[in-house]
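S.K.: The following file, protein-v7.cif, comprises mmCIF, C-alpha atoms and all ligand atoms:
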data_run
#
loop_
_atom_site.label_atom_id
_atom_site.label_comp_id
_atom_site.auth_asym_id
_atom_site.auth_seq_id
_atom_site.Cartn_x
_atom_site.Cartn_y
_atom_site.Cartn_z
CA MET A 13 137.74 150.30 26.32
CA ASN A 14 137.18 152.29 29.54
CA GLN A 15 139.09 150.70 32.45
CA ASN A 16 135.92 150.64 34.55
CA ILE A 17 133.95 148.51 32.07
CA PHE A 18 134.12 144.73 32.42
CA VAL A 19 132.46 142.50 29.83
CA MET A 20 132.21 138.91 31.05
CA ASP A 21 133.90 136.22 28.97
CA HIS A 22 133.25 133.18 31.15
CA PRO A 23 131.79 130.32 29.05
CA LEU A 24 129.21 129.44 31.73
CA ILE A 25 127.86 132.99 31.72
CA GLN A 26 127.77 133.09 27.91
CA HIS A 27 126.00 129.70 27.72
CA LYS A 28 123.35 130.72 30.23
CA ILE A 29 122.76 134.08 28.51
CA SER A 30 122.16 132.25 25.20
CA ILE A 31 119.44 130.10 26.81
CA LEU A 32 117.98 133.21 28.46
CA ARG A 33 117.56 134.92 25.08
CA LYS A 34 115.50 132.13 23.47
CA THR A 35 111.79 132.82 22.98
CA THR A 36 111.15 129.22 24.07
CA THR A 37 112.62 129.80 27.56
CA GLY A 38 109.66 130.05 29.93
CA THR A 39 109.23 132.15 33.07
CA ASN A 40 110.40 129.53 35.54
CA GLU A 41 113.64 128.76 33.68
CA PHE A 42 114.19 132.43 32.90
CA ARG A 43 114.07 133.39 36.60
CA LYS A 44 116.44 130.58 37.52
CA LEU A 45 118.93 131.61 34.83
CA VAL A 46 118.85 135.30 35.84
CA ASP A 47 119.56 134.22 39.41
CA GLU A 48 122.47 131.98 38.37
CA ILE A 49 124.00 134.57 36.02
CA ALA A 50 123.78 137.25 38.73
CA MET A 51 125.59 134.91 41.10
CA LEU A 52 128.35 134.12 38.60
CA MET A 53 128.76 137.80 37.70
CA GLY A 54 128.70 138.78 41.36
CA TYR A 55 131.55 136.38 42.09
CA GLU A 56 133.60 138.29 39.51
CA ALA A 57 132.42 141.80 40.43
CA LEU A 58 132.98 141.38 44.18
CA ARG A 59 136.58 140.21 43.96
CA ASP A 60 137.78 143.53 45.48
CA LEU A 61 135.61 143.41 48.63
CA GLN A 62 137.57 144.46 51.71
CA VAL A 63 138.73 141.77 54.11
CA GLU A 64 140.55 141.87 57.41
CA ASN A 65 142.32 139.15 59.36
CA VAL A 66 140.43 137.90 62.40
CA GLU A 67 141.42 135.27 64.90
CA ILE A 68 139.64 131.96 64.42
CA THR A 69 140.05 128.57 66.02
CA THR A 70 140.24 125.46 63.87
CA PRO A 71 140.12 121.94 65.34
CA ILE A 72 143.94 122.06 65.13
CA GLU A 73 144.98 125.55 66.28
CA THR A 74 144.18 129.25 66.41
CA CYS A 75 145.12 131.40 63.43
CA GLN A 76 144.54 134.75 61.71
CA SER A 77 142.18 134.33 58.75
CA PRO A 78 140.57 136.86 56.34
CA MET A 79 136.88 137.74 56.66
CA LEU A 80 134.75 140.45 55.01
CA SER A 81 135.15 143.76 56.80
CA GLY A 82 133.48 147.17 56.92
CA LYS A 83 129.79 148.06 56.59
CA LYS A 84 127.58 145.45 54.99
CA LEU A 85 127.24 145.50 51.20
CA ALA A 86 124.14 147.18 49.72
CA VAL A 87 122.43 145.54 46.74
CA VAL A 88 120.09 147.91 44.93
CA PRO A 89 117.84 146.46 42.22
CA ILE A 90 116.17 148.78 39.72
CA LEU A 91 112.52 147.67 39.80
CA ARG A 92 111.10 145.58 38.48
CA ALA A 93 113.52 143.46 36.52
CA GLY A 94 116.50 144.08 38.82
CA LEU A 95 114.68 142.11 41.54
CA GLY A 96 115.48 138.95 39.60
CA MET A 97 119.21 139.46 40.24
CA VAL A 98 119.05 140.08 44.01
CA GLY A 99 118.91 136.43 45.10
CA GLY A 100 122.06 135.59 43.14
CA ILE A 101 124.05 138.28 44.95
CA LEU A 102 122.54 137.40 48.33
CA SER A 103 123.57 133.78 47.87
CA LEU A 104 127.18 135.07 47.83
CA VAL A 105 126.79 137.73 50.54
CA PRO A 106 123.79 136.73 52.68
CA SER A 107 124.34 139.60 55.12
CA ALA A 108 123.94 142.29 52.42
CA LYS A 109 121.28 145.00 52.86
CA VAL A 110 118.82 145.54 50.02
CA GLY A 111 117.61 148.94 48.75
CA HIS A 112 115.08 149.51 45.96
CA ILE A 113 114.78 152.07 43.20
CA GLY A 114 111.53 152.03 41.22
CA LEU A 115 111.83 153.33 37.66
CA TYR A 116 109.81 152.69 34.54
CA ARG A 117 110.57 153.75 30.98
CA ASP A 118 108.02 155.94 29.25
CA GLU A 119 106.89 153.90 26.23
CA VAL A 120 107.09 156.90 23.89
CA THR A 121 110.04 158.98 25.09
CA HIS A 122 111.92 155.98 26.64
CA GLU A 123 112.92 158.33 29.48
CA PRO A 124 112.86 156.85 33.03
CA HIS A 125 110.32 157.95 35.69
CA GLU A 126 111.00 157.35 39.38
CA TYR A 127 108.19 155.95 41.54
CA TYR A 128 110.07 154.56 44.56
CA CYS A 129 113.42 154.93 46.28
CA LYS A 130 114.46 153.42 49.60
CA LEU A 131 118.09 152.78 50.43
CA PRO A 132 119.79 151.17 53.46
CA GLU A 133 120.96 153.61 56.14
CA SER A 134 124.56 154.91 56.06
CA ILE A 135 124.62 154.35 52.32
CA ASP A 136 127.68 156.64 52.09
CA GLU A 137 129.77 154.04 53.99
CA ARG A 138 128.74 150.97 51.97
CA GLU A 139 129.89 149.22 48.84
CA ILE A 140 126.84 149.42 46.56
CA VAL A 141 125.91 147.04 43.74
CA VAL A 142 123.11 148.32 41.49
CA VAL A 143 121.53 145.51 39.48
CA ASP A 144 119.32 145.55 36.39
CA PRO A 145 119.41 142.86 33.68
CA MET A 146 119.12 145.38 30.83
CA LEU A 147 121.19 148.48 29.99
CA ALA A 148 119.44 149.84 26.89
CA THR A 149 119.50 153.64 26.40
CA GLY A 150 121.14 153.88 29.82
CA GLY A 151 118.51 156.34 31.08
CA SER A 152 117.34 154.14 33.97
CA ALA A 153 120.84 153.27 35.17
CA VAL A 154 122.05 156.89 34.99
CA SER A 155 118.99 158.09 36.97
CA ALA A 156 119.30 155.33 39.57
CA ILE A 157 122.95 156.18 40.18
CA ASP A 158 122.12 159.90 40.27
CA PHE A 159 119.64 159.15 43.10
CA ILE A 160 122.14 157.04 45.00
CA LYS A 161 124.86 159.71 44.72
CA GLN A 162 122.40 162.44 45.79
CA ARG A 163 121.84 160.38 48.96
CA GLY A 164 125.59 160.09 49.61
CA GLY A 165 126.47 156.79 47.86
CA LYS A 166 130.08 156.73 46.63
CA ASN A 167 131.44 153.21 46.05
CA ILE A 168 129.14 152.02 43.29
CA LYS A 169 129.20 149.09 40.88
CA PHE A 170 126.54 148.55 38.21
CA MET A 171 125.79 145.03 37.03
CA CYS A 172 123.68 144.13 33.98
CA ILE A 173 123.26 140.92 32.01
CA ILE A 174 122.93 142.52 28.57
CA ALA A 175 124.10 145.99 27.50
CA ALA A 176 123.67 147.99 24.31
CA PRO A 177 126.70 150.05 23.22
CA GLU A 178 124.59 153.22 23.43
CA GLY A 179 123.64 152.61 27.07
CA LEU A 180 127.11 151.54 28.09
CA LYS A 181 128.58 154.77 26.69
CA ARG A 182 125.89 156.96 28.27
CA LEU A 183 126.39 155.37 31.69
CA ALA A 184 130.20 155.46 31.53
CA ASP A 185 130.13 159.11 30.38
CA ALA A 186 127.66 160.18 33.11
CA HIS A 187 129.34 158.22 35.91
CA PRO A 188 132.99 157.59 34.99
CA ASP A 189 133.83 156.70 38.60
CA ILE A 190 131.64 153.57 38.83
CA GLN A 191 132.57 150.06 37.72
CA ILE A 192 130.24 148.56 35.12
CA TYR A 193 129.93 144.78 34.73
CA CYS A 194 127.97 143.36 31.82
CA GLY A 195 127.35 139.77 30.86
CA HIS A 196 127.26 140.47 27.13
CA LEU A 197 127.60 143.54 24.93
CA ASP A 198 124.95 143.38 22.20
CA ARG A 199 124.81 145.02 18.76
CA CYS A 200 122.47 148.04 19.03
CA LEU A 201 119.05 149.38 19.98
CA ASN A 202 116.05 149.13 17.65
CA GLU A 203 113.54 151.95 16.91
CA ASN A 204 111.67 151.12 20.16
CA ALA A 205 114.89 151.29 22.20
CA TYR A 206 114.94 147.50 22.70
CA ILE A 207 118.30 145.76 22.66
CA CYS A 208 119.14 143.69 19.54
CA PRO A 209 119.35 140.73 19.65
CA GLY A 210 118.61 141.12 23.40
CA LEU A 211 116.01 138.98 25.13
CA GLY A 212 112.87 141.11 24.89
CA ASP A 213 111.32 142.76 27.95
CA ALA A 214 113.22 141.43 30.97
CA GLY A 215 110.55 142.47 33.52
CA ASP A 216 107.78 140.73 31.61
CA ARG A 217 109.85 137.58 31.16
CA ILE A 218 110.83 137.41 34.86
CA PHE A 219 107.35 138.08 36.18
CA GLY A 220 105.31 136.40 33.44
CA THR A 221 103.40 139.56 32.59
CA LYS A 222 102.09 140.43 29.07
C1 LIG A 301 113.68 147.93 31.73
C2 LIG A 301 114.96 147.37 32.32
C3 LIG A 301 115.71 148.61 32.70
C4 LIG A 301 115.32 149.59 31.61
C5 LIG A 301 116.45 149.68 30.63
O1 LIG A 301 112.81 148.31 32.71
O2 LIG A 301 114.73 146.51 33.39
O3 LIG A 301 115.36 149.12 33.97
O4 LIG A 301 114.16 149.04 30.97
O5 LIG A 301 116.17 150.62 29.68
P1 LIG A 301 116.99 151.99 29.56
O6 LIG A 301 118.43 151.64 29.66
O7 LIG A 301 116.60 152.48 28.19
O8 LIG A 301 116.52 152.92 30.64
P2 LIG A 301 111.34 148.85 32.39
O9 LIG A 301 111.35 150.35 32.33
O10 LIG A 301 110.79 148.14 31.20
O11 LIG A 301 110.55 148.51 33.69
P3 LIG A 301 110.21 147.09 34.35
O12 LIG A 301 111.51 146.50 34.86
O13 LIG A 301 109.29 147.46 35.45
O14 LIG A 301 109.57 146.20 33.31
N1 LIG A 302 114.25 146.94 28.66
C1 LIG A 302 114.11 145.61 28.45
O1 LIG A 302 113.57 144.88 29.29
N2 LIG A 302 114.60 145.10 27.31
C2 LIG A 302 115.19 145.87 26.37
O2 LIG A 302 115.63 145.33 25.33
C3 LIG A 302 115.31 147.25 26.60
C4 LIG A 302 114.84 147.75 27.77
#
Represent the structure contained in this file as structure tokens.
Ligand code: PRP
Ligand code: URA

M.R.:
Amino acid sequence: MNQNIFVMDHPLIQHKISILRKTTTGTNEFRKLVDEIAMLMGYEALRDLQVENVEITTPIETCQSPMLSGKKLAVVPILRAGLGMVGGILSLVPSAKVGHIGLYRDEVTHEPHEYYCKLPESIDEREIVVVDPMLATGGSAVSAIDFIKQRGGKNIKFMCIIAAPEGLKRLADAHPDIQIYCGHLDRCLNENAYICPGLGDAGDRIFGTK
């Protein structure tokens, strides 16, 4: 497997993804689980954040101690469903900036269409984490990362909860320089480009639409 692809094997992540998949999991619980999974995955994905020693004073003495350094992290959800993962990352890095990329999949061609893009300033100097629960054909993720690179973004990680092999390959082929974190690698896509077994439409389940 590509060295930049990381499939999570933590039992807590796997357990929570199984509950997420169930048709009986309602909107409230679904949102909470997406938030928790994003946080657990973020803990893993952000293990290479830069730190620098700064002087701090404890009740006992003064010492050099590591703290996050450099420009603040940028979290970029792909709308809509990616919004559900933002809180989990912000609970780890509350100072992060948040950008947004609005894409929807055409129901017939399954190709993504952009309707919104706003990124934090100096995006070229930031670590960027693009989040979207679902990596299906990979079209949305590839387009989102194209947009970010066109605007100067360089240090990019992509985080999804469930990936299809087709989407994972398409994203890794299009953007071999980025790190891809997925919670679970599923079997395949169906004729409507939905992930099997998947969890259905992530946006609808997070926002209670349809
Ligand atoms: C879903 C999902 C991804 C995309 C994945 O969004 O959240 O963005 O599909 O599919 P792909 O890998 O084949 O591009 P959708 O287009 O349904 O929009 P929504 O989040 O607004 O519901
Ligand atoms: N988007 C979703 O929300 N679910 C899928 O299975 C595929 C794309």

S.K.: Neighbouring residues of ligand LIG 301 (chain A) are defined here as those with any atom at most 8 Å from a ligand atom, counting only C-alpha atoms and all ligand atoms; list them as an MDAnalysis selection string.

M.R.: chainID A and resid 90:94 114:118 122:124 144:153 179 205:206 213:216

S.K.: Atom C1 of ligand LIG 302 (chain A) and CA of Lys44 (chain A), how far apart in Å?

M.R.: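 Between CA of Lys44 (chain A) and atom C1 of ligand LIG 302 (chain A) the gap works out to 17.7 Å.
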
S.K.: Select, from A:Glu139, A:Glu119, A:Glu67, A:Asp47, the residue with the minimum atom-to-atom distance to Lys84 (chain A), counting only C-alpha atoms.

M.R.: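 When distances to Lys84 (chain A) are compared using only C-alpha atoms, the smallest one comes from A:Glu139.
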
S.K.: If you take only C-alpha atoms and a cut-off of 8 Å, which residues of region 13-69 of chain A touch region 188-196 of chain A, and what are their nearest atom pairs and distances in Å to one decimal, in chain and number order, as JSON lines?

M.R.:
{"residue": "A:Asn16", "atom": "CA", "partner": "A:Gln191", "partner_atom": "CA", "distance": 4.6}
{"residue": "A:Ile17", "atom": "CA", "partner": "A:Ile192", "partner_atom": "CA", "distance": 4.8}
{"residue": "A:Phe18", "atom": "CA", "partner": "A:Tyr193", "partner_atom": "CA", "distance": 4.8}
{"residue": "A:Val19", "atom": "CA", "partner": "A:Cys194", "partner_atom": "CA", "distance": 5.0}
{"residue": "A:Met20", "atom": "CA", "partner": "A:Gly195", "partner_atom": "CA", "distance": 4.9}
{"residue": "A:Asp21", "atom": "CA", "partner": "A:Gly195", "partner_atom": "CA", "distance": 7.7}
{"residue": "A:Ile25", "atom": "CA", "partner": "A:Gly195", "partner_atom": "CA", "distance": 6.9}
{"residue": "A:Gln26", "atom": "CA", "partner": "A:Gly195", "partner_atom": "CA", "distance": 7.3}
{"residue": "A:Ile29", "atom": "CA", "partner": "A:Gly195", "partner_atom": "CA", "distance": 7.7}
{"residue": "A:Met53", "atom": "CA", "partner": "A:Gly195", "partner_atom": "CA", "distance": 7.3}
{"residue": "A:Ala57", "atom": "CA", "partner": "A:Tyr193", "partner_atom": "CA", "distance": 6.9}

S.K.: Compile the contact shell of Lys109 (chain A) as number ranges by chain: residues with an atom at most 7 Å away, counting only C-alpha atoms, same-chain residues fewer than 4 positions apart removed.

M.R.: A: 84-87, 132

S.K.: Quick one: write out the picked residues with C-alpha atoms as a PDB file, in the frame of the given file?

M.R.:
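Result file is out-v2.pdb:
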ATOM      1  CA  LYS A  84     127.580 145.450  54.990  1.00  0.00           C
ATOM      2  CA  LEU A  85     127.240 145.500  51.200  1.00  0.00           C
ATOM      3  CA  ALA A  86     124.140 147.180  49.720  1.00  0.00           C
ATOM      4  CA  VAL A  87     122.430 145.540  46.740  1.00  0.00           C
ATOM      5  CA  PRO A 132     119.790 151.170  53.460  1.00  0.00           C
TER       6      PRO A 132
END

S.K.: May I have the protein, DNA and RNA residues with any atom at most 7 Å from the point (132.4, 149.6, 56.9), counting all atoms listed in the file, written as JSON, numbers by chain?

M.R.: {"A": [81, 82, 83, 84, 137, 138]}

S.K.: Report as lines of an AutoDock Vina configuration file the centre and the edge lengths, in Å to one decimal, of the axis-aligned box holding every listed atom of ligand LIG 302 (chain A), padded by 3 Å on each side.

M.R.:
center_x = 114.6
center_y = 146.3
center_z = 27.3
size_x = 8.1
size_y = 8.9
size_z = 10.0

S.K.: Just to confirm, what's the straight-line distance from CA of Ile140 (chain A) to CA of His187 (chain A) in Å (one decimal)?

M.R.: 14.0 Å

S.K.: With only C-alpha atoms and all ligand atoms as the basis for distance, which of A:Ile101, A:Ala176, A:Ile157, A:Cys129 is at the shortest distance from ligand LIG 302 (chain A)?

M.R.: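 Among A:Ile101, A:Ala176, A:Ile157, A:Cys129, it is A:Ala176 that comes nearest to ligand LIG 302 (chain A).
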
S.K.: Could you tell me which of A:Leu61, A:Val154, A:Leu211, A:Ile31 comes closest to ligand LIG 302 (chain A) if we count only C-alpha atoms and all ligand atoms?

M.R.: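 Among the listed residues, A:Leu211 lies closest to ligand LIG 302 (chain A).
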
S.K.: Provide the CA of Gly165 (chain A) to CA of Ile135 (chain A) distance in Å, to one decimal place.

M.R.: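 A separation of 5.4 Å between them.
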
S.K.: Looking at A:Val88, A:Cys200, A:Leu80, A:Val66, which one is nearest to ligand LIG 302 (chain A), with distances taken over only C-alpha atoms and all ligand atoms?

M.R.: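 Among A:Val88, A:Cys200, A:Leu80, A:Val66, it is A:Cys200 that comes nearest to ligand LIG 302 (chain A).
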
S.K.: Using only C-alpha atoms, which residue out of A:Lys222, A:Arg217, A:Arg163, A:Lys181 lies closest to Leu45 (chain A)?

M.R.: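 Between A:Lys222, A:Arg217, A:Arg163, A:Lys181, the residue approaching Leu45 (chain A) most closely is A:Arg217.
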
S.K.: Have a look at A:Arg33, A:Asp136, A:Lys130, A:Lys166 and name the one nearest to ligand LIG 302 (chain A); count all atoms listed in the file.

M.R.: A:Arg33

S.K.: Find the spatial neighbours of Cys208 (chain A), counting all atoms listed in the file, within a cut-off of 7 Å - ignore same-chain residues fewer than 6 positions away - and output them as a short mmCIF file (atom, residue, chain, number, x, y, z; two decimals) with C-alpha atoms, in the frame of the given file.

M.R.:
data_model
loop_
_atom_site.label_atom_id
_atom_site.label_comp_id
_atom_site.auth_asym_id
_atom_site.auth_seq_id
_atom_site.Cartn_x
_atom_site.Cartn_y
_atom_site.Cartn_z
CA ASP A 198 124.95 143.38 22.20
CA ARG A 199 124.81 145.02 18.76
CA CYS A 200 122.47 148.04 19.03
CA LEU A 201 119.05 149.38 19.98
CA ASN A 202 116.05 149.13 17.65
#
